[in-house]
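Dropping run-v3.cif in here (mmCIF, C-alpha atoms):
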data_upload
#
loop_
_atom_site.group_PDB
_atom_site.id
_atom_site.type_symbol
_atom_site.label_atom_id
_atom_site.label_comp_id
_atom_site.auth_asym_id
_atom_site.auth_seq_id
_atom_site.Cartn_x
_atom_site.Cartn_y
_atom_site.Cartn_z
ATOM 1 C CA MET A 1 0.000 0.000 0.000
ATOM 2 C CA LYS A 2 2.857 2.301 0.898
ATOM 3 C CA ALA A 3 4.531 1.594 -2.460
ATOM 4 C CA LYS A 4 1.371 2.504 -4.375
ATOM 5 C CA THR A 5 1.041 5.755 -2.377
ATOM 6 C CA LEU A 6 4.666 6.710 -3.083
ATOM 7 C CA SER A 7 4.205 5.919 -6.777
ATOM 8 C CA PHE A 8 1.144 8.138 -6.911
ATOM 9 C CA ILE A 9 2.990 11.012 -5.228
ATOM 10 C CA PHE A 10 5.942 10.591 -7.605
ATOM 11 C CA ILE A 11 3.689 10.668 -10.669
ATOM 12 C CA ALA A 12 1.843 13.741 -9.360
ATOM 13 C CA LEU A 13 5.105 15.582 -8.726
ATOM 14 C CA LEU A 14 6.459 14.597 -12.123
ATOM 15 C CA GLY A 15 3.311 15.908 -13.791
ATOM 16 C CA ALA A 16 3.531 19.191 -11.903
ATOM 17 C CA ILE A 17 7.170 19.640 -12.900
ATOM 18 C CA MET A 18 6.385 18.928 -16.545
ATOM 19 C CA PHE A 19 3.477 21.400 -16.468
ATOM 20 C CA MET A 20 5.675 24.091 -14.941
ATOM 21 C CA GLY A 21 8.317 23.447 -17.575
ATOM 22 C CA ILE A 22 5.834 23.756 -20.416
ATOM 23 C CA THR A 23 4.389 26.962 -18.936
ATOM 24 C CA SER A 24 7.838 28.423 -18.411
ATOM 25 C CA CYS A 25 8.909 27.579 -21.952
ATOM 26 C CA GLY A 26 5.744 29.147 -23.291
ATOM 27 C CA GLU A 27 6.460 32.404 -21.444
ATOM 28 C CA GLU A 28 10.059 32.499 -22.618
ATOM 29 C CA GLU A 29 9.310 31.690 -26.216
ATOM 30 C CA LEU A 30 6.828 34.358 -27.244
ATOM 31 C CA PRO A 31 7.257 34.822 -30.979
ATOM 32 C CA PRO A 32 9.324 37.881 -31.961
ATOM 33 C CA ILE A 33 7.546 40.894 -33.386
ATOM 34 C CA ASP A 34 9.311 42.149 -36.510
ATOM 35 C CA GLY A 35 12.468 40.459 -35.251
ATOM 36 C CA TYR A 36 12.388 41.904 -31.713
ATOM 37 C CA ASN A 37 11.420 40.317 -28.397
ATOM 38 C CA THR A 38 10.905 43.561 -26.454
ATOM 39 C CA SER A 39 10.649 47.281 -27.174
ATOM 40 C CA ASP A 40 13.996 47.820 -25.421
ATOM 41 C CA GLU A 41 15.727 45.975 -28.272
ATOM 42 C CA VAL A 42 14.683 48.500 -30.945
ATOM 43 C CA ALA A 43 17.712 50.693 -31.790
ATOM 44 C CA SER A 44 19.023 49.903 -28.305
ATOM 45 C CA THR A 45 22.491 51.373 -28.914
ATOM 46 C CA ASN A 46 20.901 54.663 -29.996
ATOM 47 C CA LEU A 47 18.533 55.025 -27.032
ATOM 48 C CA MET A 48 19.640 58.106 -25.078
ATOM 49 C CA ALA A 49 16.746 58.439 -22.617
ATOM 50 C CA HIS A 50 13.698 56.463 -21.526
ATOM 51 C CA TRP A 51 10.875 57.422 -19.186
ATOM 52 C CA ALA A 52 8.666 54.436 -18.307
ATOM 53 C CA PHE A 53 6.679 56.329 -15.619
ATOM 54 C CA GLU A 54 6.364 53.271 -13.397
ATOM 55 C CA GLY A 55 5.077 55.199 -10.408
ATOM 56 C CA ASP A 56 7.662 57.997 -10.608
ATOM 57 C CA GLY A 57 9.249 60.423 -13.048
ATOM 58 C CA LYS A 58 12.725 58.884 -13.122
ATOM 59 C CA GLU A 59 14.599 58.751 -16.436
ATOM 60 C CA THR A 60 15.836 55.186 -16.400
ATOM 61 C CA LYS A 61 19.173 55.464 -18.253
ATOM 62 C CA SER A 62 20.671 58.404 -16.335
ATOM 63 C CA GLY A 63 18.656 58.051 -13.137
ATOM 64 C CA ALA A 64 17.586 61.706 -13.407
ATOM 65 C CA VAL A 65 14.551 62.700 -11.331
ATOM 66 C CA PRO A 66 12.350 65.763 -11.796
ATOM 67 C CA SER A 67 13.754 69.042 -10.514
ATOM 68 C CA GLN A 68 10.401 70.767 -11.113
ATOM 69 C CA LYS A 69 6.930 69.272 -11.249
ATOM 70 C CA LEU A 70 3.300 70.307 -11.107
ATOM 71 C CA ASN A 71 -0.020 68.462 -10.906
ATOM 72 C CA GLU A 72 1.265 65.018 -11.859
ATOM 73 C CA SER A 73 0.070 61.615 -10.670
ATOM 74 C CA TYR A 74 0.622 58.014 -11.749
ATOM 75 C CA VAL A 75 -2.169 55.841 -13.080
ATOM 76 C CA ASP A 76 -2.617 52.667 -15.112
ATOM 77 C CA GLY A 77 -1.252 53.378 -18.575
ATOM 78 C CA LEU A 78 -0.668 51.709 -21.879
ATOM 79 C CA LYS A 79 2.195 49.633 -20.464
ATOM 80 C CA GLY A 80 2.257 49.424 -16.673
ATOM 81 C CA LYS A 81 1.880 52.900 -15.186
ATOM 82 C CA ALA A 82 1.707 56.274 -16.924
ATOM 83 C CA VAL A 83 1.997 59.880 -15.808
ATOM 84 C CA LYS A 84 -1.243 61.853 -15.700
ATOM 85 C CA PHE A 85 -1.187 65.646 -15.825
ATOM 86 C CA ALA A 86 -3.938 68.006 -14.700
ATOM 87 C CA ALA A 87 -2.443 71.132 -16.292
ATOM 88 C CA GLY A 88 0.927 69.878 -15.081
ATOM 89 C CA TYR A 89 4.439 68.880 -16.062
ATOM 90 C CA LEU A 90 7.751 67.252 -15.170
ATOM 91 C CA GLY A 91 10.938 69.290 -15.648
ATOM 92 C CA TYR A 92 14.547 68.081 -15.380
ATOM 93 C CA ASN A 93 18.041 69.444 -15.114
ATOM 94 C CA GLU A 94 20.405 68.848 -18.005
ATOM 95 C CA ILE A 95 20.993 65.219 -19.020
ATOM 96 C CA ALA A 96 24.406 64.931 -20.672
ATOM 97 C CA ALA A 97 23.318 62.411 -23.312
ATOM 98 C CA LEU A 98 20.641 64.828 -24.547
ATOM 99 C CA ASN A 99 22.791 67.964 -24.860
ATOM 100 C CA SER A 100 23.529 67.264 -28.521
ATOM 101 C CA LEU A 101 21.216 65.392 -30.888
ATOM 102 C CA PRO A 102 22.130 66.180 -34.532
ATOM 103 C CA ASN A 103 19.661 63.415 -35.472
ATOM 104 C CA VAL A 104 16.735 62.584 -33.244
ATOM 105 C CA THR A 105 13.644 60.452 -32.797
ATOM 106 C CA VAL A 106 11.195 61.112 -29.980
ATOM 107 C CA SER A 107 8.621 58.378 -29.403
ATOM 108 C CA LEU A 108 5.906 58.423 -26.754
ATOM 109 C CA TRP A 109 2.341 57.375 -26.077
ATOM 110 C CA ALA A 110 -0.211 60.052 -25.287
ATOM 111 C CA ASN A 111 -3.857 60.154 -24.312
ATOM 112 C CA PHE A 112 -5.454 63.593 -24.741
ATOM 113 C CA ASN A 113 -8.447 65.549 -26.014
ATOM 114 C CA ASN A 114 -9.021 68.481 -28.361
ATOM 115 C CA ASN A 115 -9.955 71.663 -26.491
ATOM 116 C CA GLY A 116 -10.398 74.503 -28.995
ATOM 117 C CA THR A 117 -8.208 76.893 -27.019
ATOM 118 C CA HIS A 118 -4.572 75.782 -26.668
ATOM 119 C CA ALA A 119 -1.954 73.399 -27.991
ATOM 120 C CA THR A 120 -0.915 70.370 -25.919
ATOM 121 C CA PRO A 121 2.849 69.971 -25.334
ATOM 122 C CA PHE A 122 4.202 66.440 -24.904
ATOM 123 C CA PHE A 123 7.998 66.843 -24.844
ATOM 124 C CA SER A 124 10.598 69.562 -25.298
ATOM 125 C CA MET A 125 14.340 70.100 -24.977
ATOM 126 C CA THR A 126 14.191 73.677 -23.716
ATOM 127 C CA ARG A 127 15.916 76.883 -24.741
ATOM 128 C CA ALA A 128 16.460 79.400 -21.937
ATOM 129 C CA ASN A 129 13.610 81.916 -21.583
ATOM 130 C CA GLU A 130 11.817 80.712 -24.727
ATOM 131 C CA TRP A 131 8.500 78.899 -25.119
ATOM 132 C CA ALA A 132 9.821 76.616 -27.890
ATOM 133 C CA GLY A 133 12.746 74.326 -27.208
ATOM 134 C CA ASN A 134 15.411 72.942 -29.518
ATOM 135 C CA ILE A 135 12.997 70.089 -30.282
ATOM 136 C CA ASN A 136 9.283 69.971 -29.497
ATOM 137 C CA LEU A 137 6.543 67.364 -29.935
ATOM 138 C CA MET A 138 2.939 68.436 -29.465
ATOM 139 C CA ALA A 139 -0.685 68.153 -30.579
ATOM 140 C CA GLU A 140 -2.533 71.125 -32.047
ATOM 141 C CA THR A 141 -5.520 70.514 -29.799
ATOM 142 C CA GLY A 142 -6.460 74.191 -29.951
ATOM 143 C CA TRP A 143 -7.372 73.876 -33.626
ATOM 144 C CA LYS A 144 -10.235 71.477 -32.990
ATOM 145 C CA PRO A 145 -13.180 71.898 -30.595
ATOM 146 C CA ALA A 146 -13.700 69.526 -27.699
ATOM 147 C CA GLY A 147 -15.292 66.341 -28.960
ATOM 148 C CA ASN A 148 -13.786 66.537 -32.458
ATOM 149 C CA ASP A 149 -12.086 63.211 -33.122
ATOM 150 C CA THR A 150 -9.326 64.292 -35.539
ATOM 151 C CA LEU A 151 -5.737 64.428 -34.278
ATOM 152 C CA VAL A 152 -3.187 66.994 -35.469
ATOM 153 C CA VAL A 153 0.312 66.028 -34.319
ATOM 154 C CA LYS A 154 3.202 68.412 -34.836
ATOM 155 C CA GLY A 155 6.947 68.474 -34.419
ATOM 156 C CA LEU A 156 8.988 71.684 -34.218
ATOM 157 C CA VAL A 157 12.764 72.148 -34.256
ATOM 158 C CA VAL A 158 14.667 75.353 -33.549
ATOM 159 C CA THR A 159 18.306 74.930 -34.525
ATOM 160 C CA ASN A 160 21.237 77.307 -34.020
ATOM 161 C CA LYS A 161 22.393 78.530 -37.443
ATOM 162 C CA ASP A 162 25.500 80.659 -36.832
ATOM 163 C CA GLY A 163 23.940 82.204 -33.752
ATOM 164 C CA ASN A 164 20.494 82.712 -35.301
ATOM 165 C CA PRO A 165 17.481 80.481 -34.647
ATOM 166 C CA SER A 166 16.190 78.566 -37.676
ATOM 167 C CA TRP A 167 12.687 77.111 -37.289
ATOM 168 C CA GLN A 168 10.957 74.255 -39.038
ATOM 169 C CA ASP A 169 7.817 72.305 -38.264
ATOM 170 C CA SER A 170 6.205 69.153 -39.642
ATOM 171 C CA ARG A 171 2.687 67.828 -39.129
ATOM 172 C CA ASN A 172 -0.239 66.061 -40.723
ATOM 173 C CA GLU A 173 -2.703 68.075 -42.807
ATOM 174 C CA PRO A 174 -6.206 66.586 -42.353
ATOM 175 C CA SER A 175 -7.560 68.331 -45.462
ATOM 176 C CA LYS A 176 -5.314 66.021 -47.521
ATOM 177 C CA GLY A 177 -7.294 62.963 -46.352
ATOM 178 C CA GLY A 178 -5.997 59.405 -46.134
ATOM 179 C CA VAL A 179 -3.374 58.661 -43.471
ATOM 180 C CA GLN A 180 -3.196 62.375 -42.664
ATOM 181 C CA VAL A 181 -6.506 62.111 -40.791
ATOM 182 C CA PRO A 182 -5.663 60.045 -37.679
ATOM 183 C CA LYS A 183 -8.625 59.715 -35.326
ATOM 184 C CA GLY A 184 -9.236 58.992 -31.675
ATOM 185 C CA VAL A 185 -9.215 61.530 -28.836
ATOM 186 C CA ASN A 186 -9.236 60.311 -25.227
ATOM 187 C CA ALA A 187 -7.401 57.154 -26.328
ATOM 188 C CA TRP A 188 -3.800 55.967 -26.315
ATOM 189 C CA HIS A 189 -1.764 56.730 -29.432
ATOM 190 C CA GLN A 190 1.916 56.373 -30.216
ATOM 191 C CA VAL A 191 3.216 59.721 -31.511
ATOM 192 C CA VAL A 192 6.697 60.043 -33.012
ATOM 193 C CA MET A 193 8.845 62.759 -34.531
ATOM 194 C CA SER A 194 12.121 62.058 -36.345
ATOM 195 C CA TRP A 195 14.800 64.357 -37.798
ATOM 196 C CA ASP A 196 17.481 62.992 -40.112
ATOM 197 C CA GLY A 197 20.513 65.294 -40.149
ATOM 198 C CA ALA A 198 21.821 63.775 -43.383
ATOM 199 C CA THR A 199 18.667 64.314 -45.444
ATOM 200 C CA SER A 200 16.904 67.010 -43.361
ATOM 201 C CA LEU A 201 13.732 64.916 -43.542
ATOM 202 C CA PHE A 202 11.388 65.750 -40.666
ATOM 203 C CA LYS A 203 8.642 63.157 -40.208
ATOM 204 C CA ILE A 204 5.663 62.622 -37.916
ATOM 205 C CA TYR A 205 4.058 59.252 -37.151
ATOM 206 C CA VAL A 206 0.881 58.191 -35.361
ATOM 207 C CA ASP A 207 0.441 54.550 -34.323
ATOM 208 C CA GLY A 208 3.369 53.363 -36.417
ATOM 209 C CA VAL A 209 2.208 55.085 -39.628
ATOM 210 C CA LYS A 210 3.836 58.159 -41.188
ATOM 211 C CA VAL A 211 1.148 60.851 -41.271
ATOM 212 C CA SER A 212 3.151 64.045 -41.917
ATOM 213 C CA ASN A 213 2.428 66.031 -45.055
ATOM 214 C CA PRO A 214 5.251 65.164 -47.514
ATOM 215 C CA GLU A 215 5.195 68.766 -48.788
ATOM 216 C CA TRP A 216 6.379 69.982 -45.381
ATOM 217 C CA GLU A 217 8.896 67.298 -44.468
ATOM 218 C CA GLN A 218 11.871 69.047 -46.070
ATOM 219 C CA ARG A 219 11.898 72.834 -46.168
ATOM 220 C CA GLY A 220 13.597 75.669 -44.291
ATOM 221 C CA THR A 221 16.055 74.211 -41.806
ATOM 222 C CA THR A 222 18.662 71.859 -43.277
ATOM 223 C CA GLY A 223 21.426 69.656 -41.926
ATOM 224 C CA PRO A 224 22.102 68.239 -38.456
ATOM 225 C CA LEU A 225 20.436 69.956 -35.497
ATOM 226 C CA ASN A 226 22.597 72.295 -33.432
ATOM 227 C CA PHE A 227 21.164 72.818 -29.946
ATOM 228 C CA TYR A 228 21.080 75.996 -27.942
ATOM 229 C CA THR A 229 22.444 75.150 -24.489
ATOM 230 C CA PRO A 230 21.747 74.741 -21.670
ATOM 231 C CA THR A 231 18.882 72.494 -22.734
ATOM 232 C CA LYS A 232 16.687 70.618 -20.287
ATOM 233 C CA PRO A 233 14.048 67.901 -20.836
ATOM 234 C CA LEU A 234 10.496 69.063 -20.175
ATOM 235 C CA ILE A 235 7.452 66.791 -20.287
ATOM 236 C CA GLY A 236 3.964 68.269 -20.521
ATOM 237 C CA ALA A 237 4.716 72.000 -20.768
ATOM 238 C CA TRP A 238 6.335 74.882 -22.638
ATOM 239 C CA GLY A 239 9.454 76.597 -21.329
ATOM 240 C CA THR A 240 7.368 79.660 -20.457
ATOM 241 C CA ASN A 241 5.201 77.580 -18.103
ATOM 242 C CA LEU A 242 8.176 77.037 -15.776
ATOM 243 C CA PRO A 243 8.950 79.389 -12.882
ATOM 244 C CA GLY A 244 11.339 82.016 -14.230
ATOM 245 C CA GLY A 245 10.780 80.847 -17.821
ATOM 246 C CA GLY A 246 9.218 84.076 -19.062
ATOM 247 C CA THR A 247 5.636 85.060 -19.790
ATOM 248 C CA ALA A 248 3.385 82.414 -21.313
ATOM 249 C CA GLU A 249 0.894 83.421 -23.996
ATOM 250 C CA ALA A 250 -2.751 82.377 -23.633
ATOM 251 C CA TRP A 251 -2.323 79.297 -25.855
ATOM 252 C CA GLN A 252 0.729 78.083 -23.911
ATOM 253 C CA LYS A 253 -0.746 75.935 -21.142
ATOM 254 C CA PRO A 254 0.625 72.800 -19.447
ATOM 255 C CA MET A 255 -0.737 69.456 -20.510
ATOM 256 C CA THR A 256 -3.979 67.873 -19.386
ATOM 257 C CA GLY A 257 -3.809 64.209 -20.337
ATOM 258 C CA MET A 258 -1.463 61.226 -19.998
ATOM 259 C CA VAL A 259 1.977 60.219 -21.304
ATOM 260 C CA ASP A 260 3.656 56.809 -21.264
ATOM 261 C CA GLU A 261 6.834 55.140 -22.599
ATOM 262 C CA LEU A 262 8.763 58.227 -23.685
ATOM 263 C CA ARG A 263 11.985 57.430 -25.560
ATOM 264 C CA VAL A 264 14.622 59.682 -27.153
ATOM 265 C CA PHE A 265 17.048 58.268 -29.727
ATOM 266 C CA ASN A 266 20.086 59.909 -31.339
ATOM 267 C CA LYS A 267 19.137 58.690 -34.821
ATOM 268 C CA ALA A 268 16.210 58.972 -37.179
ATOM 269 C CA LEU A 269 14.537 55.591 -36.752
ATOM 270 C CA SER A 270 13.434 53.856 -39.928
ATOM 271 C CA ASP A 271 9.785 53.254 -40.741
ATOM 272 C CA ALA A 272 10.315 49.581 -39.868
ATOM 273 C CA GLU A 273 11.837 50.399 -36.463
ATOM 274 C CA ILE A 274 9.018 52.791 -35.586
ATOM 275 C CA GLY A 275 6.434 50.220 -36.676
ATOM 276 C CA ALA A 276 8.085 47.532 -34.568
ATOM 277 C CA LEU A 277 8.256 49.817 -31.532
ATOM 278 C CA TYR A 278 4.542 50.536 -31.903
ATOM 279 C CA LYS A 279 3.589 46.852 -32.082
ATOM 280 C CA LEU A 280 5.840 45.832 -29.189
ATOM 281 C CA GLU A 281 4.694 48.549 -26.793
ATOM 282 C CA LEU A 282 1.062 47.983 -27.748
ATOM 283 C CA ALA A 283 1.580 44.328 -26.798
ATOM 284 C CA GLY A 284 3.043 45.364 -23.440
ATOM 285 C CA ARG A 285 6.508 44.233 -24.464
#
File written out as structure tokens:
Amino acid sequence: MKAKTLSFIFIALLGAIMFMGITSCGEEELPPIDGYNTSDEVASTNLMAHWAFEGDGKETKSGAVPSQKLNESYVDGLKGKAVKFAAGYLGYNEIAALNSLPNVTVSLWANFNNNGTHATPFFSMTRANEWAGNINLMAETGWKPAGNDTLVVKGLVVTNKDGNPSWQDSRNEPSKGGVQVPKGVNAWHQVVMSWDGATSLFKIYVDGVKVSNPEWEQRGTTGPLNFYTPTKPLIGAWGTNLPGGGTAEAWQKPMTGMVDELRVFNKALSDAEIGALYKLELAGR
């Protein structure tokens, strides 16, 4: 009787071990997405900064924490936690890796609404006492009334040309139709801006798809970006919204909405890399 009992226990344990092994293998062997296992693998050697917003505002590569903040909280986001602003922001001191970005891609997820009164700033690398930074990623939420479902996403660069600021922007133009009419306020969207210093192409993407108007992707500013320094990362506001940053105009208000998975690269990511990053982060990877 004892032998039968021991045999039963042995078989039960063996079955449990085999089940655990199968489950473990299944977790470890998720199929790659476009050749990547996780979002951290996309252009990993070019990733200069990453904010995951997992309950705090720490930048994970440098360990930088906010030096200024207003009306921020942490809520469930697209991937883990996200930062939620109620007309708020997170501001940082200089991060060495971000002081010079001749080529750049900024990728983030945002959840926001049109408001009919003011633009919504997502990310900036500031210039002292100026509303617009060296690079800026935003939504033109002031162009559409509350409840309108069309998104207008815009990038703006201000580069130092022999001591003089040279401006260029790039965005989608909804009147053109097609991919230039992304939809979906109050929902999570990946928004991306990229600047290629070799070609001067300035592109905007929403949810892994290039939406910028091709007529505006290459005009005005040319060549690699040349930052005004000191430059400081700012999430959710314009430079003029900061204490001592100057006087903000009526349309320059801090962000109301959410941001998640903010990444800054020192290269212009390819369409394939941006598409892969979108799919991976959407899958929580």
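Compared by their closest atoms to Asn164 of chain A, and using only C-alpha atoms, the residues A:Ala283, A:Tyr228, A:Asp260, A:Val152 rank with A:Tyr228 nearest.
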What's around Ala198 of chain A at 12 Å? Count only C-alpha atoms, leave out sequence neighbours fewer than 3 positions away in its own chain, and write the answer as a PyMOL selection string. chain A and resi 102-104+195+201-202+218+222-225+267-268
Explicit residue set for the PyMOL selection byres ((chain A and resi 232) around 12), as a ChimeraX atom specification: /A:64,66-68,90-100,123-129,132-136,227-231,233-235,238-239,242
In Å, rounded to a single decimal, give me how far atom CA of Lys144 of chain A is from atom CA of Asn241 of chain A. 22.3 Å
Might you pull out every residue within 7 Å of segment 254-258 of chain A, with only C-alpha atoms counted and same-chain residues fewer than 5 positions away left off, and present them as a PyMOL selection string? chain A and resi 82-89+110-112+120-121+236-238+241
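Taking atom CA of Val157 of chain A and atom CA of Lys253 of chain A as endpoints, the distance between them is 19.2 Å.
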Could you tell me which residues the PyMOL selection byres ((chain A and resi 153) around 7) returns for this structure, as number ranges by chain? A: 138-140, 151-152, 154, 171-172
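Straight-line separation from atom CA of Ala272 of chain A to atom CA of Gln190 of chain A: 14.5 Å.
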Test item: residues at most 9 Å from segment 36-44 of chain A, only C-alpha atoms, excluding those fewer than 5 positions along its chain, as number ranges by chain: A: 30-31, 265, 267, 269, 273-274, 276-281, 284-285
Writer output for current selection, C-alpha atoms, as a PDB file, in the frame of the given file:
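After the write, selection_11.pdb holds the following:
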ATOM      1  CA  LEU A  30       6.828  34.358 -27.244  1.00  0.00           C
ATOM      2  CA  PRO A  31       7.257  34.822 -30.979  1.00  0.00           C
ATOM      3  CA  PHE A 265      17.048  58.268 -29.727  1.00  0.00           C
ATOM      4  CA  LYS A 267      19.137  58.690 -34.821  1.00  0.00           C
ATOM      5  CA  LEU A 269      14.537  55.591 -36.752  1.00  0.00           C
ATOM      6  CA  GLU A 273      11.837  50.399 -36.463  1.00  0.00           C
ATOM      7  CA  ILE A 274       9.018  52.791 -35.586  1.00  0.00           C
ATOM      8  CA  ALA A 276       8.085  47.532 -34.568  1.00  0.00           C
ATOM      9  CA  LEU A 277       8.256  49.817 -31.532  1.00  0.00           C
ATOM     10  CA  TYR A 278       4.542  50.536 -31.903  1.00  0.00           C
ATOM     11  CA  LYS A 279       3.589  46.852 -32.082  1.00  0.00           C
ATOM     12  CA  LEU A 280       5.840  45.832 -29.189  1.00  0.00           C
ATOM     13  CA  GLU A 281       4.694  48.549 -26.793  1.00  0.00           C
ATOM     14  CA  GLY A 284       3.043  45.364 -23.440  1.00  0.00           C
ATOM     15  CA  ARG A 285       6.508  44.233 -24.464  1.00  0.00           C
TER      16      ARG A 285
END
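When only C-alpha atoms are used to compute distances to Leu70 of chain A, the closest of the residues A:Pro243, A:Thr150, A:Asp196, A:Asp162 turns out to be A:Pro243.
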Residues near Gly178 of chain A, cut-off 12 Å, all atoms listed in the file, skip fewer than 5 positions along chain, as a PyMOL selection string: chain A and resi 172-173+183+209-213
